[in-house]
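Enquirer: Please find final.cif (mmCIF, N, CA and C atoms) on the next line:
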data_input
#
loop_
_atom_site.label_atom_id
_atom_site.label_comp_id
_atom_site.auth_asym_id
_atom_site.auth_seq_id
_atom_site.Cartn_x
_atom_site.Cartn_y
_atom_site.Cartn_z
N MET A 903 12.73 -157.21 144.96
CA MET A 903 13.66 -156.66 144.00
C MET A 903 14.00 -157.69 142.93
N ARG A 904 14.23 -158.93 143.33
CA ARG A 904 14.55 -159.99 142.37
C ARG A 904 13.38 -160.22 141.43
N ARG A 905 12.19 -160.09 141.95
CA ARG A 905 10.99 -160.32 141.16
C ARG A 905 10.87 -159.24 140.07
N VAL A 906 11.15 -158.00 140.42
CA VAL A 906 11.10 -156.90 139.47
C VAL A 906 12.17 -157.10 138.40
N LEU A 907 13.35 -157.48 138.81
CA LEU A 907 14.45 -157.71 137.87
C LEU A 907 14.10 -158.86 136.91
N LYS A 908 13.52 -159.91 137.44
CA LYS A 908 13.13 -161.05 136.62
C LYS A 908 12.08 -160.64 135.58
N ARG A 909 11.10 -159.87 136.00
CA ARG A 909 10.07 -159.39 135.06
C ARG A 909 10.68 -158.48 134.00
N PHE A 910 11.57 -157.62 134.42
CA PHE A 910 12.23 -156.72 133.48
C PHE A 910 12.99 -157.51 132.41
N ILE A 911 13.72 -158.53 132.84
CA ILE A 911 14.48 -159.36 131.90
C ILE A 911 13.55 -160.11 130.96
N LEU A 912 12.46 -160.62 131.45
CA LEU A 912 11.49 -161.33 130.60
C LEU A 912 10.86 -160.39 129.58
N VAL A 913 10.51 -159.20 130.02
CA VAL A 913 9.94 -158.22 129.09
C VAL A 913 10.97 -157.83 128.04
N LEU A 914 12.18 -157.63 128.44
CA LEU A 914 13.25 -157.28 127.52
C LEU A 914 13.47 -158.39 126.49
N LEU A 915 13.52 -159.63 126.94
CA LEU A 915 13.69 -160.76 126.03
C LEU A 915 12.51 -160.86 125.05
N ALA A 916 11.30 -160.69 125.57
CA ALA A 916 10.12 -160.73 124.70
C ALA A 916 10.19 -159.62 123.64
N LEU A 917 10.61 -158.45 124.05
CA LEU A 917 10.74 -157.33 123.12
C LEU A 917 11.79 -157.63 122.05
N LEU A 918 12.91 -158.21 122.45
CA LEU A 918 13.95 -158.58 121.49
C LEU A 918 13.45 -159.61 120.48
N VAL A 919 12.63 -160.54 120.92
CA VAL A 919 12.06 -161.53 120.00
C VAL A 919 11.08 -160.86 119.04
N VAL A 920 10.22 -160.02 119.56
CA VAL A 920 9.20 -159.36 118.73
C VAL A 920 9.84 -158.48 117.66
N ILE A 921 10.87 -157.74 118.00
CA ILE A 921 11.44 -156.82 117.01
C ILE A 921 12.16 -157.56 115.88
N GLN A 922 12.42 -158.84 116.05
CA GLN A 922 13.03 -159.61 114.95
C GLN A 922 12.09 -159.72 113.76
N PHE A 923 10.80 -159.52 113.98
CA PHE A 923 9.81 -159.65 112.91
C PHE A 923 9.53 -158.34 112.19
N ILE A 924 10.17 -157.27 112.59
CA ILE A 924 10.00 -155.99 111.91
C ILE A 924 10.91 -156.01 110.68
N PRO A 925 10.32 -155.86 109.48
CA PRO A 925 11.12 -155.94 108.26
C PRO A 925 12.05 -154.74 108.10
N VAL A 926 13.24 -155.02 107.60
CA VAL A 926 14.24 -153.99 107.34
C VAL A 926 14.77 -154.22 105.93
N SER A 927 14.79 -153.16 105.14
CA SER A 927 15.27 -153.27 103.77
C SER A 927 16.79 -153.37 103.75
N LYS A 928 17.27 -154.46 103.18
CA LYS A 928 18.71 -154.66 103.02
C LYS A 928 18.97 -154.96 101.54
N THR A 929 18.74 -153.96 100.72
CA THR A 929 18.87 -154.15 99.29
C THR A 929 20.07 -153.40 98.73
N ASN A 930 20.45 -153.79 97.56
CA ASN A 930 21.45 -153.09 96.79
C ASN A 930 20.79 -152.70 95.47
N PRO A 931 20.33 -151.45 95.38
CA PRO A 931 19.72 -151.02 94.12
C PRO A 931 20.73 -151.13 92.98
N PRO A 932 20.25 -151.10 91.75
CA PRO A 932 21.18 -151.19 90.63
C PRO A 932 22.12 -149.99 90.58
N VAL A 933 23.29 -150.23 90.07
CA VAL A 933 24.24 -149.15 89.84
C VAL A 933 23.78 -148.44 88.58
N THR A 934 23.48 -147.15 88.69
CA THR A 934 23.01 -146.40 87.53
C THR A 934 24.16 -145.71 86.79
N ARG A 935 25.16 -145.25 87.52
CA ARG A 935 26.40 -144.74 86.91
C ARG A 935 27.43 -144.57 88.01
N GLU A 936 28.47 -145.38 87.94
CA GLU A 936 29.55 -145.24 88.90
C GLU A 936 30.42 -144.05 88.48
N VAL A 937 30.97 -143.38 89.48
CA VAL A 937 31.88 -142.28 89.23
C VAL A 937 33.04 -142.80 88.38
N HIS A 938 33.60 -141.94 87.54
CA HIS A 938 34.78 -142.30 86.75
C HIS A 938 36.01 -142.01 87.60
N TRP A 939 36.59 -143.04 88.16
CA TRP A 939 37.70 -142.92 89.09
C TRP A 939 38.96 -142.46 88.37
N ASP A 940 39.80 -141.73 89.09
CA ASP A 940 41.07 -141.30 88.51
C ASP A 940 42.03 -142.47 88.37
N SER A 941 41.88 -143.48 89.22
CA SER A 941 42.77 -144.65 89.15
C SER A 941 42.11 -145.84 89.85
N ALA A 942 42.62 -147.00 89.52
CA ALA A 942 42.15 -148.22 90.19
C ALA A 942 42.50 -148.20 91.67
N ALA A 943 43.61 -147.57 92.02
CA ALA A 943 44.03 -147.50 93.43
C ALA A 943 43.05 -146.68 94.26
N THR A 944 42.58 -145.56 93.70
CA THR A 944 41.59 -144.75 94.42
C THR A 944 40.31 -145.54 94.61
N ARG A 945 39.87 -146.22 93.56
CA ARG A 945 38.64 -147.01 93.66
C ARG A 945 38.80 -148.11 94.71
N ALA A 946 39.96 -148.76 94.74
CA ALA A 946 40.18 -149.84 95.70
C ALA A 946 40.13 -149.31 97.14
N LEU A 947 40.74 -148.16 97.39
CA LEU A 947 40.68 -147.58 98.74
C LEU A 947 39.25 -147.19 99.10
N ALA A 948 38.54 -146.58 98.16
CA ALA A 948 37.14 -146.20 98.41
C ALA A 948 36.28 -147.44 98.63
N GLN A 949 36.52 -148.46 97.84
CA GLN A 949 35.74 -149.70 97.99
C GLN A 949 35.97 -150.30 99.38
N ARG A 950 37.21 -150.30 99.82
CA ARG A 950 37.56 -150.88 101.11
C ARG A 950 36.98 -150.10 102.29
N SER A 951 36.96 -148.78 102.19
CA SER A 951 36.59 -147.98 103.36
C SER A 951 35.28 -147.20 103.21
N CYS A 952 34.71 -147.13 102.02
CA CYS A 952 33.54 -146.28 101.81
C CYS A 952 32.32 -146.98 101.20
N PHE A 953 32.55 -148.00 100.37
CA PHE A 953 31.47 -148.55 99.56
C PHE A 953 30.31 -149.14 100.35
N ASP A 954 30.56 -149.71 101.52
CA ASP A 954 29.45 -150.34 102.24
C ASP A 954 28.34 -149.35 102.57
N CYS A 955 28.70 -148.08 102.75
CA CYS A 955 27.70 -147.07 103.08
C CYS A 955 27.46 -146.06 101.95
N HIS A 956 28.41 -145.94 101.04
CA HIS A 956 28.31 -144.89 100.02
C HIS A 956 28.30 -145.45 98.61
N SER A 957 27.67 -146.61 98.44
CA SER A 957 27.48 -147.18 97.10
C SER A 957 26.31 -148.15 97.16
N ASN A 958 25.94 -148.65 96.01
CA ASN A 958 24.89 -149.67 95.95
C ASN A 958 25.51 -151.07 95.92
N ARG A 959 26.72 -151.17 96.41
CA ARG A 959 27.44 -152.45 96.47
C ARG A 959 27.74 -152.83 97.92
N THR A 960 26.78 -152.59 98.78
CA THR A 960 26.93 -152.89 100.21
C THR A 960 27.06 -154.39 100.43
N THR A 961 28.02 -154.76 101.24
CA THR A 961 28.12 -156.14 101.71
C THR A 961 27.38 -156.19 103.03
N TRP A 962 26.27 -156.92 103.03
CA TRP A 962 25.43 -157.00 104.23
C TRP A 962 25.91 -158.17 105.08
N PRO A 963 26.56 -157.90 106.23
CA PRO A 963 27.08 -158.98 107.07
C PRO A 963 25.96 -159.74 107.79
N TRP A 964 26.32 -160.88 108.36
CA TRP A 964 25.34 -161.75 109.02
C TRP A 964 24.57 -161.04 110.12
N TYR A 965 25.22 -160.16 110.87
CA TYR A 965 24.57 -159.55 112.03
C TYR A 965 23.49 -158.55 111.64
N VAL A 966 23.40 -158.25 110.36
CA VAL A 966 22.34 -157.35 109.89
C VAL A 966 20.97 -158.04 109.91
N ARG A 967 20.96 -159.33 110.10
CA ARG A 967 19.69 -160.06 110.19
C ARG A 967 19.12 -160.04 111.60
N ILE A 968 19.86 -159.44 112.54
CA ILE A 968 19.44 -159.45 113.94
C ILE A 968 19.14 -158.02 114.40
N ALA A 969 17.90 -157.81 114.84
CA ALA A 969 17.53 -156.51 115.38
C ALA A 969 18.08 -156.41 116.79
N PRO A 970 18.50 -155.27 117.23
CA PRO A 970 18.39 -153.94 116.63
C PRO A 970 19.55 -153.56 115.71
N ALA A 971 20.56 -154.45 115.53
CA ALA A 971 21.67 -154.13 114.63
C ALA A 971 21.16 -153.87 113.22
N SER A 972 20.13 -154.60 112.81
CA SER A 972 19.58 -154.42 111.47
C SER A 972 19.02 -153.01 111.28
N PHE A 973 18.37 -152.47 112.30
CA PHE A 973 17.82 -151.12 112.20
C PHE A 973 18.94 -150.10 112.06
N PHE A 974 19.96 -150.25 112.89
CA PHE A 974 21.07 -149.32 112.90
C PHE A 974 21.80 -149.31 111.56
N MET A 975 22.16 -150.49 111.07
CA MET A 975 22.96 -150.55 109.85
C MET A 975 22.15 -150.11 108.63
N ALA A 976 20.91 -150.57 108.51
CA ALA A 976 20.09 -150.18 107.36
C ALA A 976 19.90 -148.66 107.34
N ASN A 977 19.68 -148.06 108.49
CA ASN A 977 19.52 -146.61 108.57
C ASN A 977 20.82 -145.90 108.20
N HIS A 978 21.92 -146.43 108.69
CA HIS A 978 23.22 -145.82 108.40
C HIS A 978 23.53 -145.88 106.90
N VAL A 979 23.28 -147.01 106.27
CA VAL A 979 23.52 -147.17 104.83
C VAL A 979 22.61 -146.23 104.04
N GLU A 980 21.36 -146.16 104.44
CA GLU A 980 20.42 -145.26 103.76
C GLU A 980 20.90 -143.81 103.84
N ASP A 981 21.34 -143.38 105.01
CA ASP A 981 21.86 -142.02 105.17
C ASP A 981 23.11 -141.80 104.33
N GLY A 982 24.02 -142.78 104.36
CA GLY A 982 25.25 -142.66 103.59
C GLY A 982 24.99 -142.55 102.10
N ARG A 983 24.11 -143.40 101.59
CA ARG A 983 23.78 -143.36 100.17
C ARG A 983 23.10 -142.03 99.80
N ARG A 984 22.29 -141.51 100.70
CA ARG A 984 21.59 -140.25 100.43
C ARG A 984 22.58 -139.09 100.34
N ASP A 985 23.62 -139.09 101.16
CA ASP A 985 24.60 -138.01 101.16
C ASP A 985 25.58 -138.09 100.00
N LEU A 986 26.09 -139.29 99.73
CA LEU A 986 27.09 -139.48 98.68
C LEU A 986 27.01 -140.92 98.23
N ASN A 987 26.73 -141.12 96.95
CA ASN A 987 26.58 -142.48 96.44
C ASN A 987 27.42 -142.62 95.17
N PHE A 988 28.53 -143.34 95.29
CA PHE A 988 29.43 -143.54 94.16
C PHE A 988 28.80 -144.39 93.06
N SER A 989 27.67 -145.03 93.32
CA SER A 989 26.98 -145.87 92.34
C SER A 989 25.85 -145.15 91.61
N GLU A 990 25.54 -143.93 92.03
CA GLU A 990 24.46 -143.16 91.39
C GLU A 990 24.98 -141.75 91.09
N TRP A 991 26.08 -141.70 90.37
CA TRP A 991 26.73 -140.42 90.08
C TRP A 991 25.90 -139.58 89.12
N ASP A 992 24.87 -140.18 88.55
CA ASP A 992 23.98 -139.47 87.62
C ASP A 992 22.86 -138.73 88.36
N ARG A 993 22.86 -138.75 89.66
CA ARG A 993 21.88 -137.99 90.44
C ARG A 993 22.63 -136.98 91.31
N PRO A 994 21.96 -135.90 91.73
CA PRO A 994 22.63 -134.90 92.59
C PRO A 994 23.09 -135.51 93.91
N GLN A 995 24.28 -135.13 94.33
CA GLN A 995 24.87 -135.59 95.58
C GLN A 995 24.80 -134.47 96.61
N ARG A 996 24.59 -134.83 97.85
CA ARG A 996 24.54 -133.83 98.93
C ARG A 996 25.94 -133.42 99.39
N SER A 997 26.92 -134.28 99.16
CA SER A 997 28.29 -134.00 99.62
C SER A 997 29.22 -133.84 98.43
N GLY A 998 30.06 -132.83 98.50
CA GLY A 998 31.08 -132.61 97.50
C GLY A 998 32.45 -132.97 98.06
N PHE A 999 33.48 -132.70 97.30
CA PHE A 999 34.83 -133.07 97.72
C PHE A 999 35.21 -132.44 99.05
N ASP A 1000 34.90 -131.17 99.25
CA ASP A 1000 35.29 -130.51 100.51
C ASP A 1000 34.67 -131.20 101.72
N ASP A 1001 33.42 -131.65 101.58
CA ASP A 1001 32.76 -132.38 102.67
C ASP A 1001 33.47 -133.71 102.94
N VAL A 1002 33.78 -134.43 101.87
CA VAL A 1002 34.44 -135.72 102.00
C VAL A 1002 35.82 -135.55 102.63
N LYS A 1003 36.58 -134.59 102.14
CA LYS A 1003 37.93 -134.33 102.67
C LYS A 1003 37.87 -134.02 104.16
N ARG A 1004 36.95 -133.18 104.56
CA ARG A 1004 36.81 -132.81 105.97
C ARG A 1004 36.49 -134.05 106.82
N GLU A 1005 35.56 -134.87 106.35
CA GLU A 1005 35.16 -136.06 107.11
C GLU A 1005 36.32 -137.04 107.27
N VAL A 1006 37.09 -137.24 106.21
CA VAL A 1006 38.22 -138.16 106.27
C VAL A 1006 39.33 -137.56 107.13
N ASP A 1007 39.65 -136.29 106.90
CA ASP A 1007 40.70 -135.62 107.69
C ASP A 1007 40.38 -135.62 109.19
N ASP A 1008 39.12 -135.39 109.52
CA ASP A 1008 38.72 -135.33 110.93
C ASP A 1008 38.59 -136.72 111.58
N GLY A 1009 38.71 -137.77 110.78
CA GLY A 1009 38.57 -139.12 111.32
C GLY A 1009 37.12 -139.53 111.52
N ASP A 1010 36.20 -138.78 110.93
CA ASP A 1010 34.78 -139.10 111.07
C ASP A 1010 34.32 -140.15 110.05
N MET A 1011 35.13 -140.39 109.04
CA MET A 1011 34.84 -141.41 108.04
C MET A 1011 36.10 -142.24 107.84
N PRO A 1012 35.94 -143.54 107.82
CA PRO A 1012 34.75 -144.30 108.17
C PRO A 1012 34.36 -144.07 109.62
N VAL A 1013 33.07 -144.21 109.89
CA VAL A 1013 32.57 -143.93 111.23
C VAL A 1013 33.13 -144.93 112.24
N TRP A 1014 33.32 -144.47 113.45
CA TRP A 1014 33.95 -145.28 114.49
C TRP A 1014 33.18 -146.57 114.76
N SER A 1015 31.84 -146.54 114.66
CA SER A 1015 31.04 -147.72 114.99
C SER A 1015 31.16 -148.81 113.93
N TYR A 1016 31.65 -148.48 112.76
CA TYR A 1016 31.82 -149.43 111.67
C TYR A 1016 33.13 -150.21 111.81
N LEU A 1017 34.14 -149.55 112.33
CA LEU A 1017 35.50 -150.10 112.31
C LEU A 1017 35.73 -151.35 113.16
N PRO A 1018 35.14 -151.52 114.33
CA PRO A 1018 35.45 -152.74 115.11
C PRO A 1018 35.13 -154.04 114.37
N LEU A 1019 34.06 -154.06 113.60
CA LEU A 1019 33.70 -155.27 112.85
C LEU A 1019 34.22 -155.25 111.42
N HIS A 1020 34.85 -154.15 111.02
CA HIS A 1020 35.41 -154.01 109.67
C HIS A 1020 36.79 -153.36 109.75
N PRO A 1021 37.74 -154.01 110.40
CA PRO A 1021 39.06 -153.39 110.60
C PRO A 1021 39.78 -153.10 109.28
N GLU A 1022 39.42 -153.81 108.23
CA GLU A 1022 40.05 -153.56 106.93
C GLU A 1022 39.73 -152.17 106.38
N ALA A 1023 38.68 -151.54 106.90
CA ALA A 1023 38.27 -150.21 106.45
C ALA A 1023 39.11 -149.10 107.09
N GLN A 1024 39.85 -149.43 108.14
CA GLN A 1024 40.70 -148.44 108.81
C GLN A 1024 41.81 -148.02 107.87
N LEU A 1025 41.99 -146.72 107.71
CA LEU A 1025 43.00 -146.19 106.81
C LEU A 1025 44.20 -145.67 107.60
N SER A 1026 45.40 -145.99 107.12
CA SER A 1026 46.60 -145.42 107.71
C SER A 1026 46.68 -143.96 107.27
N ALA A 1027 47.58 -143.21 107.86
CA ALA A 1027 47.76 -141.81 107.48
C ALA A 1027 48.11 -141.70 105.99
N ALA A 1028 48.99 -142.57 105.53
CA ALA A 1028 49.38 -142.55 104.11
C ALA A 1028 48.20 -142.88 103.21
N GLU A 1029 47.38 -143.85 103.62
CA GLU A 1029 46.21 -144.23 102.82
C GLU A 1029 45.17 -143.11 102.80
N LYS A 1030 45.01 -142.41 103.92
CA LYS A 1030 44.09 -141.26 103.94
C LYS A 1030 44.53 -140.21 102.95
N THR A 1031 45.83 -139.92 102.94
CA THR A 1031 46.37 -138.93 102.00
C THR A 1031 46.15 -139.40 100.57
N GLN A 1032 46.44 -140.66 100.31
CA GLN A 1032 46.26 -141.23 98.97
C GLN A 1032 44.79 -141.17 98.56
N LEU A 1033 43.88 -141.51 99.47
CA LEU A 1033 42.45 -141.47 99.16
C LEU A 1033 42.00 -140.05 98.87
N ILE A 1034 42.39 -139.12 99.72
CA ILE A 1034 41.98 -137.73 99.52
C ILE A 1034 42.53 -137.18 98.20
N ASP A 1035 43.79 -137.45 97.91
CA ASP A 1035 44.38 -137.00 96.65
C ASP A 1035 43.65 -137.62 95.46
N GLY A 1036 43.37 -138.91 95.56
CA GLY A 1036 42.66 -139.60 94.48
C GLY A 1036 41.23 -139.11 94.31
N LEU A 1037 40.55 -138.86 95.43
CA LEU A 1037 39.18 -138.35 95.34
C LEU A 1037 39.17 -136.93 94.76
N LYS A 1038 40.17 -136.14 95.11
CA LYS A 1038 40.26 -134.79 94.54
C LYS A 1038 40.37 -134.88 93.02
N ALA A 1039 41.27 -135.74 92.55
CA ALA A 1039 41.43 -135.91 91.10
C ALA A 1039 40.16 -136.47 90.47
N THR A 1040 39.53 -137.41 91.15
CA THR A 1040 38.29 -138.01 90.64
C THR A 1040 37.18 -136.97 90.54
N PHE A 1041 37.00 -136.18 91.60
CA PHE A 1041 35.94 -135.17 91.61
C PHE A 1041 36.23 -134.07 90.58
N LEU A 1042 37.51 -133.80 90.31
CA LEU A 1042 37.85 -132.78 89.31
C LEU A 1042 37.54 -133.28 87.90
N GLN A 1043 37.85 -134.55 87.62
CA GLN A 1043 37.62 -135.08 86.27
C GLN A 1043 36.17 -135.49 86.04
N ASP A 1044 35.44 -135.82 87.10
CA ASP A 1044 34.04 -136.25 86.98
C ASP A 1044 33.26 -135.66 88.15
N PRO A 1045 33.06 -134.33 88.12
CA PRO A 1045 32.42 -133.69 89.28
C PRO A 1045 30.95 -134.11 89.41
N PRO A 1046 30.52 -134.26 90.65
CA PRO A 1046 29.11 -134.58 90.86
C PRO A 1046 28.26 -133.32 90.70
N THR A 1047 27.01 -133.52 90.36
CA THR A 1047 26.04 -132.45 90.46
C THR A 1047 25.67 -132.39 91.93
N LEU A 1048 25.77 -131.21 92.52
CA LEU A 1048 25.47 -131.09 93.94
C LEU A 1048 24.00 -130.73 94.14
N ALA A 1049 23.38 -131.42 95.07
CA ALA A 1049 21.99 -131.13 95.43
C ALA A 1049 21.97 -129.82 96.21
N PRO A 1050 20.88 -129.08 96.10
CA PRO A 1050 20.78 -127.85 96.89
C PRO A 1050 20.87 -128.16 98.38
N ARG A 1051 21.56 -127.31 99.10
CA ARG A 1051 21.71 -127.48 100.56
C ARG A 1051 20.40 -127.16 101.25
N ARG A 1052 20.06 -128.00 102.23
CA ARG A 1052 18.87 -127.70 103.05
C ARG A 1052 19.24 -126.71 104.10
N ARG A 1053 18.36 -125.81 104.41
CA ARG A 1053 18.63 -124.79 105.43
C ARG A 1053 17.99 -125.16 106.74
#
For the file at hand, write its structure as structure tokens.
Expert:
Amino acid sequence: MRRVLKRFILVLLALLVVIQFIPVSKTNPPVTREVHWDSAATRALAQRSCFDCHSNRTTWPWYVRIAPASFFMANHVEDGRRDLNFSEWDRPQRSGFDDVKREVDDGDMPVWSYLPLHPEAQLSAAEKTQLIDGLKATFLQDPPTLAPRRR
């Protein structure tokens, strides 16, 4: 039994070393057009709790250089940018205000897996209300073009 466990651990370690050489894109494409925010306060709240995944201004932390965390975070950022990207407001967005409001109200955004290493992104109840109100005003004054929904 010890021999099997030892082999398993060695294989696991070897696998962890090998996957470090798999390239992962950690880029910040250029900002083509940022949304016109209703206020600096709304932008500050969005920057604090949303920008790492929903803009081209991602702050890539040190642990993103280590697989498998690099795979997880790069994939998460790619998905977030694809759904809603505050830095590419000149392209169709998959999420509109109602989607954003629901995600924030339900506590699904920011995602739970992001918060332990980014506690500053956690929003109080008052901040959630302020963000939602600000995003509503922002989306009304500068509405995104919505991409067709996939069926």
Enquirer: Would you list the contacts of stretch 1044-1047 of chain A as a VMD selection string, taking every protein, DNA or RNA residue within 7 Å and counting all atoms listed in the file, but skipping same-chain residues closer than 6 positions in sequence?
Expert: chain A and resid 937 to 938 991 to 996
Enquirer: So which residues touch A:Arg959 within 12 Å, counting only C-alpha atoms, skipping near sequence neighbours fewer than 6 positions away, as a PyMOL selection string?
Expert: chain A and resi 928-934+936+948-950+952-953+979+983+987-990
Enquirer: Would you output that residue set with N, CA and C atoms, as an mmCIF file, in the frame of the given file?
Expert:
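As a result, selection-v6.cif now contains:
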data_model
loop_
_atom_site.group_PDB
_atom_site.id
_atom_site.type_symbol
_atom_site.label_atom_id
_atom_site.label_comp_id
_atom_site.auth_asym_id
_atom_site.auth_seq_id
_atom_site.Cartn_x
_atom_site.Cartn_y
_atom_site.Cartn_z
ATOM 1 N N LYS A 928 17.270 -154.460 103.180
ATOM 2 C CA LYS A 928 18.710 -154.660 103.020
ATOM 3 C C LYS A 928 18.970 -154.960 101.540
ATOM 4 N N THR A 929 18.740 -153.960 100.720
ATOM 5 C CA THR A 929 18.870 -154.150 99.290
ATOM 6 C C THR A 929 20.070 -153.400 98.730
ATOM 7 N N ASN A 930 20.450 -153.790 97.560
ATOM 8 C CA ASN A 930 21.450 -153.090 96.790
ATOM 9 C C ASN A 930 20.790 -152.700 95.470
ATOM 10 N N PRO A 931 20.330 -151.450 95.380
ATOM 11 C CA PRO A 931 19.720 -151.020 94.120
ATOM 12 C C PRO A 931 20.730 -151.130 92.980
ATOM 13 N N PRO A 932 20.250 -151.100 91.750
ATOM 14 C CA PRO A 932 21.180 -151.190 90.630
ATOM 15 C C PRO A 932 22.120 -149.990 90.580
ATOM 16 N N VAL A 933 23.290 -150.230 90.070
ATOM 17 C CA VAL A 933 24.240 -149.150 89.840
ATOM 18 C C VAL A 933 23.780 -148.440 88.580
ATOM 19 N N THR A 934 23.480 -147.150 88.690
ATOM 20 C CA THR A 934 23.010 -146.400 87.530
ATOM 21 C C THR A 934 24.160 -145.710 86.790
ATOM 22 N N GLU A 936 28.470 -145.380 87.940
ATOM 23 C CA GLU A 936 29.550 -145.240 88.900
ATOM 24 C C GLU A 936 30.420 -144.050 88.480
ATOM 25 N N ALA A 948 38.540 -146.580 98.160
ATOM 26 C CA ALA A 948 37.140 -146.200 98.410
ATOM 27 C C ALA A 948 36.280 -147.440 98.630
ATOM 28 N N GLN A 949 36.520 -148.460 97.840
ATOM 29 C CA GLN A 949 35.740 -149.700 97.990
ATOM 30 C C GLN A 949 35.970 -150.300 99.380
ATOM 31 N N ARG A 950 37.210 -150.300 99.820
ATOM 32 C CA ARG A 950 37.560 -150.880 101.110
ATOM 33 C C ARG A 950 36.980 -150.100 102.290
ATOM 34 N N CYS A 952 34.710 -147.130 102.020
ATOM 35 C CA CYS A 952 33.540 -146.280 101.810
ATOM 36 C C CYS A 952 32.320 -146.980 101.200
ATOM 37 N N PHE A 953 32.550 -148.000 100.370
ATOM 38 C CA PHE A 953 31.470 -148.550 99.560
ATOM 39 C C PHE A 953 30.310 -149.140 100.350
ATOM 40 N N VAL A 979 23.280 -147.010 106.270
ATOM 41 C CA VAL A 979 23.520 -147.170 104.830
ATOM 42 C C VAL A 979 22.610 -146.230 104.040
ATOM 43 N N ARG A 983 24.110 -143.400 101.590
ATOM 44 C CA ARG A 983 23.780 -143.360 100.170
ATOM 45 C C ARG A 983 23.100 -142.030 99.800
ATOM 46 N N ASN A 987 26.730 -141.120 96.950
ATOM 47 C CA ASN A 987 26.580 -142.480 96.440
ATOM 48 C C ASN A 987 27.420 -142.620 95.170
ATOM 49 N N PHE A 988 28.530 -143.340 95.290
ATOM 50 C CA PHE A 988 29.430 -143.540 94.160
ATOM 51 C C PHE A 988 28.800 -144.390 93.060
ATOM 52 N N SER A 989 27.670 -145.030 93.320
ATOM 53 C CA SER A 989 26.980 -145.870 92.340
ATOM 54 C C SER A 989 25.850 -145.150 91.610
ATOM 55 N N GLU A 990 25.540 -143.930 92.030
ATOM 56 C CA GLU A 990 24.460 -143.160 91.390
ATOM 57 C C GLU A 990 24.980 -141.750 91.090
#
Enquirer: Could you check which of A:Asp954, A:Arg967, A:Ser927, A:Arg1004 is closest to A:Gly982, using all atoms listed in the file?
Expert: A:Asp954
Enquirer: Please, what distance in Å, to one decimal, runs between atom CA of A:Ile1034 and atom CA of A:Leu1017?
Expert: 18.9 Å
Enquirer: Go ahead and compute the interatomic distance for atom CA of A:Ala942 and atom C of A:Gly1036, in Å to one decimal.
Expert: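 These atoms are spaced 10.0 Å apart.
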Enquirer: Assign secondary structure with DSSP using the backbone only, and return the residues of chain A in alpha helix (DSSP H) as a PyMOL selection string.
Expert: chain A and resi 904-921+942-951+953-956+971-985+999-1007+1027-1043
Enquirer: When you count only C-alpha atoms, which of these residues is closest to A:Ser1015: A:Phe974, A:Phe923, A:Phe999, A:Phe1041?
Expert: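 Of A:Phe974, A:Phe923, A:Phe999, A:Phe1041, the one nearest A:Ser1015 is A:Phe974, counting only C-alpha atoms.
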Enquirer: Between atom CA of A:Gln1032 and atom CA of A:Arg945, what is the distance in Å, rounded to a tenth?
Expert: 10.9 Å
Enquirer: Can you pull out the residues contacting stretch 1018-1020 of chain A? Cut-off 12 Å, using only C-alpha atoms, and skip same-chain residues under 4 positions away; I want them as a PyMOL selection string.
Expert: chain A and resi 950-952+954+961-966+1012-1014+1024-1025
Enquirer: Taking into account only N, CA and C atoms, which residue in the set A:Gly1009, A:Leu986, A:Val926, A:Leu1048 is nearest to A:Cys955?
Expert: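 The answer is A:Leu986, which sits nearest to A:Cys955.
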Enquirer: Using only N, CA and C atoms, find all polymer residues with an atom at most 6 Å away from the point (39.9, -140.6, 93.4); report them as a PyMOL selection string.
Expert: chain A and resi 939-941+944-945+1033+1035-1041
Enquirer: Print the selection's residues with N, CA and C atoms to a file, as an mmCIF file, in the coordinates of the input.
Expert:
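To be explicit, this is the file written out as result.cif:
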data_model
loop_
_atom_site.group_PDB
_atom_site.id
_atom_site.type_symbol
_atom_site.label_atom_id
_atom_site.label_comp_id
_atom_site.auth_asym_id
_atom_site.auth_seq_id
_atom_site.Cartn_x
_atom_site.Cartn_y
_atom_site.Cartn_z
ATOM 1 N N TRP A 939 36.590 -143.040 88.160
ATOM 2 C CA TRP A 939 37.700 -142.920 89.090
ATOM 3 C C TRP A 939 38.960 -142.460 88.370
ATOM 4 N N ASP A 940 39.800 -141.730 89.090
ATOM 5 C CA ASP A 940 41.070 -141.300 88.510
ATOM 6 C C ASP A 940 42.030 -142.470 88.370
ATOM 7 N N SER A 941 41.880 -143.480 89.220
ATOM 8 C CA SER A 941 42.770 -144.650 89.150
ATOM 9 C C SER A 941 42.110 -145.840 89.850
ATOM 10 N N THR A 944 42.580 -145.560 93.700
ATOM 11 C CA THR A 944 41.590 -144.750 94.420
ATOM 12 C C THR A 944 40.310 -145.540 94.610
ATOM 13 N N ARG A 945 39.870 -146.220 93.560
ATOM 14 C CA ARG A 945 38.640 -147.010 93.660
ATOM 15 C C ARG A 945 38.800 -148.110 94.710
ATOM 16 N N LEU A 1033 43.880 -141.510 99.470
ATOM 17 C CA LEU A 1033 42.450 -141.470 99.160
ATOM 18 C C LEU A 1033 42.000 -140.050 98.870
ATOM 19 N N ASP A 1035 43.790 -137.450 97.910
ATOM 20 C CA ASP A 1035 44.380 -137.000 96.650
ATOM 21 C C ASP A 1035 43.650 -137.620 95.460
ATOM 22 N N GLY A 1036 43.370 -138.910 95.560
ATOM 23 C CA GLY A 1036 42.660 -139.600 94.480
ATOM 24 C C GLY A 1036 41.230 -139.110 94.310
ATOM 25 N N LEU A 1037 40.550 -138.860 95.430
ATOM 26 C CA LEU A 1037 39.180 -138.350 95.340
ATOM 27 C C LEU A 1037 39.170 -136.930 94.760
ATOM 28 N N LYS A 1038 40.170 -136.140 95.110
ATOM 29 C CA LYS A 1038 40.260 -134.790 94.540
ATOM 30 C C LYS A 1038 40.370 -134.880 93.020
ATOM 31 N N ALA A 1039 41.270 -135.740 92.550
ATOM 32 C CA ALA A 1039 41.430 -135.910 91.100
ATOM 33 C C ALA A 1039 40.160 -136.470 90.470
ATOM 34 N N THR A 1040 39.530 -137.410 91.150
ATOM 35 C CA THR A 1040 38.290 -138.010 90.640
ATOM 36 C C THR A 1040 37.180 -136.970 90.540
ATOM 37 N N PHE A 1041 37.000 -136.180 91.600
ATOM 38 C CA PHE A 1041 35.940 -135.170 91.610
ATOM 39 C C PHE A 1041 36.230 -134.070 90.580
#
